[in-house]
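Enquirer: What follows is a single structure, and I will ask about it in a moment.
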Amino acid sequence: MPDVTSEDTTATHALAAETRRALFADVARVPGSAKPDPAVVAHGITRTFGGLTAVDVEHVEFQRGCITGLIGPNGAGKTTLFNLLTGFDQPNTGTWSLDGVSLGKQQPHQVARKGVVRTFQLTKALSKMTVLDNVKLGATGQSGERMLSALLPWTWRKQEREVTERAHELLARFKLDAKADDFAGSLSGGQRKLLEMARALMMNPRVVMLDEPMAGVNPALTQSLLGHVKSLRDEGMTVVFVEHDMDVIRDISDWVVVMAQGSIIAEGPPEELSSNQAVVDAYLGGHHDQALEFDDEGNPVGETAVMVKQMEHDMNASEGIPDPAPTATNDKEVGR
Ligand SMILES: Nc1ncnc2c1ncn2[C@@H]1O[C@H](COP(=O)(O)OP(=O)(O)OP(=O)(O)O)[C@@H](O)[C@H]1O
């Protein structure tokens, strides 16, 4: 059980870049493909809201020690899938596990104690609490919260010290240590994202699910955030990462899983994405009528490049990220 006092075993899974590439060489480029050493395996997950099927994932595996980018158009079901896998919502059907241990029918803090944590698209910093206290909140389910411990104060005092120490370490890691005693409400958008990550790491997780960690972050902080995400992987963590910016996805992912209308419609290495017809169709709603064109390296060219740019522009716009290049918008054309 990972807690702030446990020994961190994740480092044993740190994989070099060549090893990660080799791992995926023989993985089938199909939805639900088997991975050589999956940390998380989910099967038959469905979630409906009234008549709407938000998630209908037959099978998915997330490879240990790698970054999996989870992409898909707005409303594809990415956040709902994260909610389900981390106990923030319960599915209608399905089973899922970390290293073979079931994570079903559990509360978020129980899932976190088993090793899977998440961050949120809209950061959940409590603005009237200090930055330090916000990070300490990540250490839920510690003995200080249990009844018996109330009678044995020395157990929680020791733990309180350890939790505070760990929180300070994480604040230093994310360069927020100077802000420890400030109210979280005083942080910028990017700093709140860092705070979210620090809080998620309090439990020494093995799997981190990041829901759009770059959204709304000013470009100066984007690179540093990306560096932090890569460093989680380099320490051996398994990272699943929802992101709309294709450049970021290409830069950071070892493997990409694509969702549309609740289901997984494609999987593959990031460099093969833009030539995947199912992916382009999903983003463009199938409303294009000309053949797609790519150069030898799989980069879109001509009209296809314009459409892909349009797609990225729309996705950025939905996140409130300004697009420096003037782009003609035709929302109907892209199925929104
Ligand atoms: N609590 C809810 N009640 C009703 N419908 C919901 C609820 N949560 C999600 N949905 C619907 O489920 C579908 C999937 O939503 P979800 O937020 O998971 O998509 P997403 O891929 O994360 O989208 P985005 O990229 O815009 O964040 C959408 O149609 C959404 O409106």
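Identifiers for the structure tokens are assigned positionally: chains receive A, B, ... in sequence, residues are indexed from 1 per chain, and ligands are indexed from 1 in the order shown.
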Based on DSSP run over this structure's backbone, return all residues of range 95-257 of chain A in strand (DSSP E or B), as number ranges by chain.
Expert: A: 95-98, 101-102, 116-118, 130, 183, 207-211, 238-242, 255-257
Enquirer: Counting only C-alpha atoms and all ligand atoms, what are the residues, protein, DNA or RNA alike, that approach ligand 1 to within 10 Å? I want them as a PyMOL selection string.
Expert: chain A and resi 47-55+70-84+89+121+211-212+242-244+258-262+315+318-319
Enquirer: Would you output that residue set with N, CA and C atoms, as an mmCIF file, in the first residue's frame?
Expert:
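So out_22.cif came out as:
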```cif
data_model
loop_
_atom_site.group_PDB
_atom_site.id
_atom_site.type_symbol
_atom_site.label_atom_id
_atom_site.label_comp_id
_atom_site.auth_asym_id
_atom_site.auth_seq_id
_atom_site.Cartn_x
_atom_site.Cartn_y
_atom_site.Cartn_z
ATOM 1 N N ARG A 47 -20.591 3.609 -19.056
ATOM 2 C CA ARG A 47 -21.217 4.591 -18.168
ATOM 3 C C ARG A 47 -22.221 5.374 -18.988
ATOM 4 N N THR A 48 -23.466 5.329 -18.560
ATOM 5 C CA THR A 48 -24.485 6.098 -19.268
ATOM 6 C C THR A 48 -25.011 7.201 -18.363
ATOM 7 N N PHE A 49 -25.397 8.294 -18.965
ATOM 8 C CA PHE A 49 -26.089 9.385 -18.257
ATOM 9 C C PHE A 49 -27.436 9.530 -18.956
ATOM 10 N N GLY A 50 -28.510 9.051 -18.349
ATOM 11 C CA GLY A 50 -29.793 9.034 -19.033
ATOM 12 C C GLY A 50 -29.652 8.210 -20.307
ATOM 13 N N GLY A 51 -30.007 8.790 -21.438
ATOM 14 C CA GLY A 51 -29.911 8.051 -22.694
ATOM 15 C C GLY A 51 -28.534 8.144 -23.343
ATOM 16 N N LEU A 52 -27.615 8.893 -22.746
ATOM 17 C CA LEU A 52 -26.316 9.112 -23.386
ATOM 18 C C LEU A 52 -25.272 8.111 -22.877
ATOM 19 N N THR A 53 -24.620 7.429 -23.819
ATOM 20 C CA THR A 53 -23.520 6.546 -23.411
ATOM 21 C C THR A 53 -22.237 7.368 -23.453
ATOM 22 N N ALA A 54 -21.747 7.745 -22.275
ATOM 23 C CA ALA A 54 -20.553 8.592 -22.209
ATOM 24 C C ALA A 54 -19.288 7.763 -22.392
ATOM 25 N N VAL A 55 -19.299 6.529 -21.874
ATOM 26 C CA VAL A 55 -18.129 5.647 -21.998
ATOM 27 C C VAL A 55 -18.593 4.236 -22.339
ATOM 28 N N LEU A 70 -4.027 10.281 -24.009
ATOM 29 C CA LEU A 70 -5.426 9.924 -24.274
ATOM 30 C C LEU A 70 -6.054 11.126 -24.959
ATOM 31 N N ILE A 71 -6.419 10.952 -26.222
ATOM 32 C CA ILE A 71 -6.950 12.093 -26.969
ATOM 33 C C ILE A 71 -8.338 11.755 -27.523
ATOM 34 N N GLY A 72 -8.984 12.789 -28.023
ATOM 35 C CA GLY A 72 -10.309 12.598 -28.620
ATOM 36 C C GLY A 72 -11.025 13.927 -28.629
ATOM 37 N N PRO A 73 -12.006 14.071 -29.521
ATOM 38 C CA PRO A 73 -12.735 15.338 -29.606
ATOM 39 C C PRO A 73 -13.484 15.642 -28.308
ATOM 40 N N ASN A 74 -13.948 16.860 -28.149
ATOM 41 C CA ASN A 74 -14.737 17.229 -26.971
ATOM 42 C C ASN A 74 -15.905 16.267 -26.822
ATOM 43 N N GLY A 75 -16.138 15.841 -25.580
ATOM 44 C CA GLY A 75 -17.264 14.954 -25.308
ATOM 45 C C GLY A 75 -16.998 13.495 -25.639
ATOM 46 N N ALA A 76 -15.732 13.154 -25.943
ATOM 47 C CA ALA A 76 -15.411 11.771 -26.327
ATOM 48 C C ALA A 76 -15.499 10.806 -25.149
ATOM 49 N N GLY A 77 -15.437 11.328 -23.918
ATOM 50 C CA GLY A 77 -15.537 10.448 -22.749
ATOM 51 C C GLY A 77 -14.253 10.297 -21.958
ATOM 52 N N LYS A 78 -13.254 11.125 -22.267
ATOM 53 C CA LYS A 78 -11.931 10.984 -21.625
ATOM 54 C C LYS A 78 -12.008 11.252 -20.121
ATOM 55 N N THR A 79 -12.621 12.396 -19.774
ATOM 56 C CA THR A 79 -12.703 12.745 -18.347
ATOM 57 C C THR A 79 -13.571 11.738 -17.604
ATOM 58 N N THR A 80 -14.660 11.315 -18.222
ATOM 59 C CA THR A 80 -15.529 10.326 -17.564
ATOM 60 C C THR A 80 -14.754 9.031 -17.318
ATOM 61 N N LEU A 81 -13.951 8.614 -18.297
ATOM 62 C CA LEU A 81 -13.147 7.398 -18.109
ATOM 63 C C LEU A 81 -12.186 7.579 -16.925
ATOM 64 N N PHE A 82 -11.525 8.745 -16.853
ATOM 65 C CA PHE A 82 -10.643 9.024 -15.709
ATOM 66 C C PHE A 82 -11.428 8.941 -14.392
ATOM 67 N N ASN A 83 -12.619 9.569 -14.383
ATOM 68 C CA ASN A 83 -13.440 9.550 -13.166
ATOM 69 C C ASN A 83 -13.726 8.116 -12.739
ATOM 70 N N LEU A 84 -14.032 7.268 -13.709
ATOM 71 C CA LEU A 84 -14.395 5.883 -13.394
ATOM 72 C C LEU A 84 -13.183 5.108 -12.873
ATOM 73 N N ASP A 89 -16.326 8.277 -9.963
ATOM 74 C CA ASP A 89 -17.641 7.924 -10.494
ATOM 75 C C ASP A 89 -17.647 6.402 -10.606
ATOM 76 N N GLN A 121 -9.077 18.669 -14.688
ATOM 77 C CA GLN A 121 -9.025 19.675 -15.746
ATOM 78 C C GLN A 121 -9.142 21.070 -15.121
ATOM 79 N N ASP A 211 -5.419 15.132 -16.227
ATOM 80 C CA ASP A 211 -6.476 15.602 -17.126
ATOM 81 C C ASP A 211 -6.154 17.019 -17.587
ATOM 82 N N GLU A 212 -5.633 17.112 -18.793
ATOM 83 C CA GLU A 212 -5.277 18.390 -19.417
ATOM 84 C C GLU A 212 -4.432 19.283 -18.509
ATOM 85 N N VAL A 242 -4.402 13.275 -20.615
ATOM 86 C CA VAL A 242 -5.374 13.815 -21.581
ATOM 87 C C VAL A 242 -4.861 15.162 -22.055
ATOM 88 N N GLU A 243 -4.800 15.328 -23.367
ATOM 89 C CA GLU A 243 -4.276 16.591 -23.891
ATOM 90 C C GLU A 243 -4.873 16.831 -25.273
ATOM 91 N N HIS A 244 -5.148 18.106 -25.574
ATOM 92 C CA HIS A 244 -5.701 18.436 -26.888
ATOM 93 C C HIS A 244 -4.635 18.912 -27.876
ATOM 94 N N VAL A 258 -6.928 6.785 -28.685
ATOM 95 C CA VAL A 258 -7.871 7.781 -29.199
ATOM 96 C C VAL A 258 -9.307 7.362 -28.888
ATOM 97 N N MET A 259 -10.046 8.278 -28.258
ATOM 98 C CA MET A 259 -11.460 7.999 -27.969
ATOM 99 C C MET A 259 -12.357 8.867 -28.835
ATOM 100 N N ALA A 260 -13.519 8.346 -29.165
ATOM 101 C CA ALA A 260 -14.565 9.155 -29.800
ATOM 102 C C ALA A 260 -15.896 8.537 -29.416
ATOM 103 N N GLN A 261 -16.843 9.377 -29.065
ATOM 104 C CA GLN A 261 -18.180 8.926 -28.687
ATOM 105 C C GLN A 261 -18.152 7.786 -27.666
ATOM 106 N N GLY A 262 -17.266 7.920 -26.695
ATOM 107 C CA GLY A 262 -17.233 6.977 -25.577
ATOM 108 C C GLY A 262 -16.349 5.761 -25.768
ATOM 109 N N MET A 315 -9.765 22.947 -30.952
ATOM 110 C CA MET A 315 -9.547 22.320 -29.656
ATOM 111 C C MET A 315 -8.932 23.329 -28.694
ATOM 112 N N SER A 318 -11.544 25.786 -27.487
ATOM 113 C CA SER A 318 -12.451 25.257 -26.464
ATOM 114 C C SER A 318 -11.813 25.303 -25.088
ATOM 115 N N GLU A 319 -10.476 25.409 -25.052
ATOM 116 C CA GLU A 319 -9.779 25.496 -23.774
ATOM 117 C C GLU A 319 -9.419 26.934 -23.432
#
```
Enquirer: Determine, counting only C-alpha atoms, which protein, DNA and RNA residues have an atom within 7 Å of an atom of Asp234 in chain A; residues of the same chain fewer than 3 positions away are not included. Present the result as a ChimeraX atom specification.
Expert: /A:14-15,230-231
Enquirer: Among range 90-253 of chain A, which residues carry a DSSP assignment of helix (DSSP H, G or I), reported as a PyMOL selection string?
Expert: chain A and resi 108-114+131-136+143-145+147-151+153-173+177-179+184-186+189-201+219-234+246-252
